[in-house]
Amino acid sequence: MRAWGKALFALMLCFVLGGCSLFSPVRELLAVPSFSAQNEALKRAFESDYGKNVQYKSPISGEFLSAFVVTDLDADGADEAMVFFLPDAFTTTVHVGMMDYIDGAWQRTGELEGGGSDVYSVETIDLDADGSQEVILCWSTLESGRVMSIYGCTTEPFTLLRLSENAYTAKLAADLDGDGSIEIFTTNLISAGGSQTAQARVLHKTESGISVLDKCELDSKVSGYGKLFLQRTDFGSVLYADAFKGESQMITEVICWDARTATMTAPFLDSETLTNEKTWRSSSVPCRDVDADGVPEIPCQRETLDRSEFWNGEDRLDRRMYVTQWCAFRDGELVTKLESLVCGAKWMFVIPGAWHGRFTVRIDEDADKWNFYETDPATGESVGYLCSVIFTTKTRWEENRGGAFADCTALCAENEDMVLVYGINTESPLGVSEAQLREAFGYLG
């Protein structure tokens, strides 16, 4: 054992003295994956021009996660390649090497300087349905966040021609108007002179390049955007852009694209304050299709639950439980489809129809426990106990099934998270049952 320990220590010492770490980030270890025979030939051909000391840069997200992207980009029936790299130790901007397979060998056909210090994502999309791919390269920069560069592809030999380059924060590529071509919808936060503005745009490929079809202002008080959702309509599309406000608050920007007039509007934006209060919520819960109708609903907060209480051990906290209303966007207005309570942005409790106006909840934050009580609809006073629910993990559940959770029943589980219930009052006129509670809880994650 001593000999084995000395050997391990010596191995670790070699790593440390050699400038390496046993705990290097996973992305560094996987930056250049193992190649097929063809891609090994590509790598050798590339390094014969640039040398073996280049630093390869793999995309951070998206379909392509290798520093070597090999696909038919110019629609000539043969593969071309893009290689992302830093040519030397003094260069901080990523370069793109272009390679074409000519006469049975990979040959260098061009090189360009990218728009950032890292490759965020790579997409190949035929924007104008002409049979040739456009390449969308998104870059991460230290100064301004993200930059999107759009390139056209030429052949004989293969090269990339930059069509546009613009800063952006979030984007979505889709056929917004049903004409067979792809538009690019972007949101962007713009900081200048100590102030910030936010803007949405729709980009379109034309014979002369990339044009902006229209743009509109968005809430200027957000700090970033989450996932974008698309709903197609008879006259265009509705885009939903979840946006963060502060550490835990969120809104959803609703942007309407009218293909008939090629115009874009944000109906919930207050033109005087440039803010959107209509879709605000206090927790970071994204919009989602809660009723499986193919259209996302927006979680809005309109009111607090009567007589709800928050406690931390023996201390009562000065706040109330919000009722989250899941609203559909219809004819310019928000229409409530479901009402729920949200726990920690992970679970939602869809309020059963019979419970409306007839219950309240006491939340013990220290124990991650909710106690439900029946209330008198006329006075709002508590008239009986309904049940208790605990939010925990599978690990804690397994460790405490014979102890603290001995009287609990598992309602539902998702990933590591679990919901337990105990003390169900089956005699309540609200018809409380384990099946009813299991159906009411849904995972937001």
# chains A, B, ... in the order shown; residues from 1 in each chain; ligands from 1
call {"tool": "select_by_dssp", "arguments": {"residues": "segment 194-370 of chain A", "states": "strand (DSSP E)", "output": "ChimeraX atom specification"}}
result
/A:195-206,209-218,224-233,236-245,249-258,263-265,298-304,309-312,315-317,322-330,333-343,347-350,359-364,369-370
call {"tool": "residues_around", "arguments": {"residues": "Ala241 of chain A", "least_positions_apart": "2", "cutoff": "6 Å", "atoms": "only C-alpha atoms", "output": "list in words"}}
result
Leu228, Thr252 and Glu253 of chain A
call {"tool": "atom_distance", "arguments": {"atom1": "atom CA of Gln199 of chain A", "atom2": "atom CA of Leu269 of chain A"}}
result
11.5 Å
call {"tool": "closest_residue", "arguments": {"among": "A:Ser117, A:Ser388, A:Ser66, A:Thr261", "to": "Cys408 of chain A", "atoms": "only C-alpha atoms"}}
result
A:Ser388
call {"tool": "residues_around", "arguments": {"residues": "Leu142 of chain A", "least_positions_apart": "6", "cutoff": "12 Å", "atoms": "only C-alpha atoms", "output": "list in words"}}
result
Thr92, Thr93, Gly115, Gly116, Ser117 and Asp118 of chain A
call {"tool": "write_last_selection", "arguments": {"atoms": "N, CA, C and O atoms", "output": "PDB file, in the first residue's frame"}}
result
ATOM      1  N   THR A  92      -6.246  36.736 -29.207  1.00  0.00           N
ATOM      2  CA  THR A  92      -7.394  36.462 -28.342  1.00  0.00           C
ATOM      3  C   THR A  92      -8.699  36.324 -29.112  1.00  0.00           C
ATOM      4  O   THR A  92      -9.711  35.916 -28.545  1.00  0.00           O
ATOM      5  N   THR A  93      -8.709  36.658 -30.388  1.00  0.00           N
ATOM      6  CA  THR A  93      -9.905  36.527 -31.217  1.00  0.00           C
ATOM      7  C   THR A  93      -9.827  35.236 -32.024  1.00  0.00           C
ATOM      8  O   THR A  93      -8.810  34.959 -32.673  1.00  0.00           O
ATOM      9  N   GLY A 115     -15.632  36.946 -34.478  1.00  0.00           N
ATOM     10  CA  GLY A 115     -16.164  38.110 -33.767  1.00  0.00           C
ATOM     11  C   GLY A 115     -16.056  38.042 -32.272  1.00  0.00           C
ATOM     12  O   GLY A 115     -16.701  38.841 -31.583  1.00  0.00           O
ATOM     13  N   GLY A 116     -15.251  37.103 -31.733  1.00  0.00           N
ATOM     14  CA  GLY A 116     -15.155  37.013 -30.286  1.00  0.00           C
ATOM     15  C   GLY A 116     -14.019  36.125 -29.831  1.00  0.00           C
ATOM     16  O   GLY A 116     -13.283  35.543 -30.640  1.00  0.00           O
ATOM     17  N   SER A 117     -13.895  36.002 -28.513  1.00  0.00           N
ATOM     18  CA  SER A 117     -12.821  35.218 -27.924  1.00  0.00           C
ATOM     19  C   SER A 117     -13.194  33.751 -27.769  1.00  0.00           C
ATOM     20  O   SER A 117     -12.328  32.922 -27.491  1.00  0.00           O
ATOM     21  N   ASP A 118     -14.464  33.422 -27.934  1.00  0.00           N
ATOM     22  CA  ASP A 118     -14.926  32.036 -27.878  1.00  0.00           C
ATOM     23  C   ASP A 118     -16.014  31.834 -28.917  1.00  0.00           C
ATOM     24  O   ASP A 118     -16.717  32.776 -29.300  1.00  0.00           O
TER      25      ASP A 118
END
call {"tool": "residues_around", "arguments": {"residues": "Tyr385 of chain A", "least_positions_apart": "3", "cutoff": "9 Å", "atoms": "only C-alpha atoms", "output": "list of chain:residue names"}}
result
A:Asn371, A:Phe372, A:Tyr373, A:Glu374, A:Ser382, A:Ser388, A:Gly423, A:Ile424, A:Asn425, A:Ser428
call {"tool": "residues_around", "arguments": {"residues": "segment 53-59 of chain A", "least_positions_apart": "6", "cutoff": "9 Å", "atoms": "only C-alpha atoms", "output": "list in words"}}
result
Arg27, Leu30, Ala31, Val32, Glu47, Leu65, Ser66, Ala67, Phe68, Val83, Phe84, Phe85, Leu86, Pro87, Asp88, Ala89, Val94, Asp118, Val119, Tyr120, Ser121, Val122, Cys138 and Trp139 of chain A
call {"tool": "write_last_selection", "arguments": {"atoms": "C-alpha atoms", "output": "compact mmCIF listing (two decimals), in the first residue's frame"}}
result
# COMPACT_ATOMS: atom_id res chain seq x y z
CA ARG A 27 -14.38 21.21 -21.76
CA LEU A 30 -12.75 17.26 -24.57
CA ALA A 31 -11.87 20.27 -26.73
CA VAL A 32 -10.65 18.15 -29.67
CA GLU A 47 -1.58 21.57 -39.03
CA LEU A 65 -19.44 20.81 -30.45
CA SER A 66 -16.11 20.14 -32.17
CA ALA A 67 -13.49 22.67 -33.26
CA PHE A 68 -13.63 20.85 -36.64
CA VAL A 83 -11.74 24.90 -38.13
CA PHE A 84 -11.95 27.22 -35.09
CA PHE A 85 -8.63 28.12 -33.52
CA LEU A 86 -6.29 30.72 -32.02
CA PRO A 87 -3.22 30.89 -34.29
CA ASP A 88 -0.76 31.84 -31.53
CA ALA A 89 -0.45 32.65 -27.84
CA VAL A 94 -10.94 33.19 -32.70
CA ASP A 118 -14.93 32.04 -27.88
CA VAL A 119 -17.27 30.23 -30.26
CA TYR A 120 -20.72 30.17 -28.66
CA SER A 121 -22.56 28.17 -31.34
CA VAL A 122 -22.48 27.13 -35.00
CA CYS A 138 -22.23 33.17 -32.63
CA TRP A 139 -19.34 34.46 -30.60
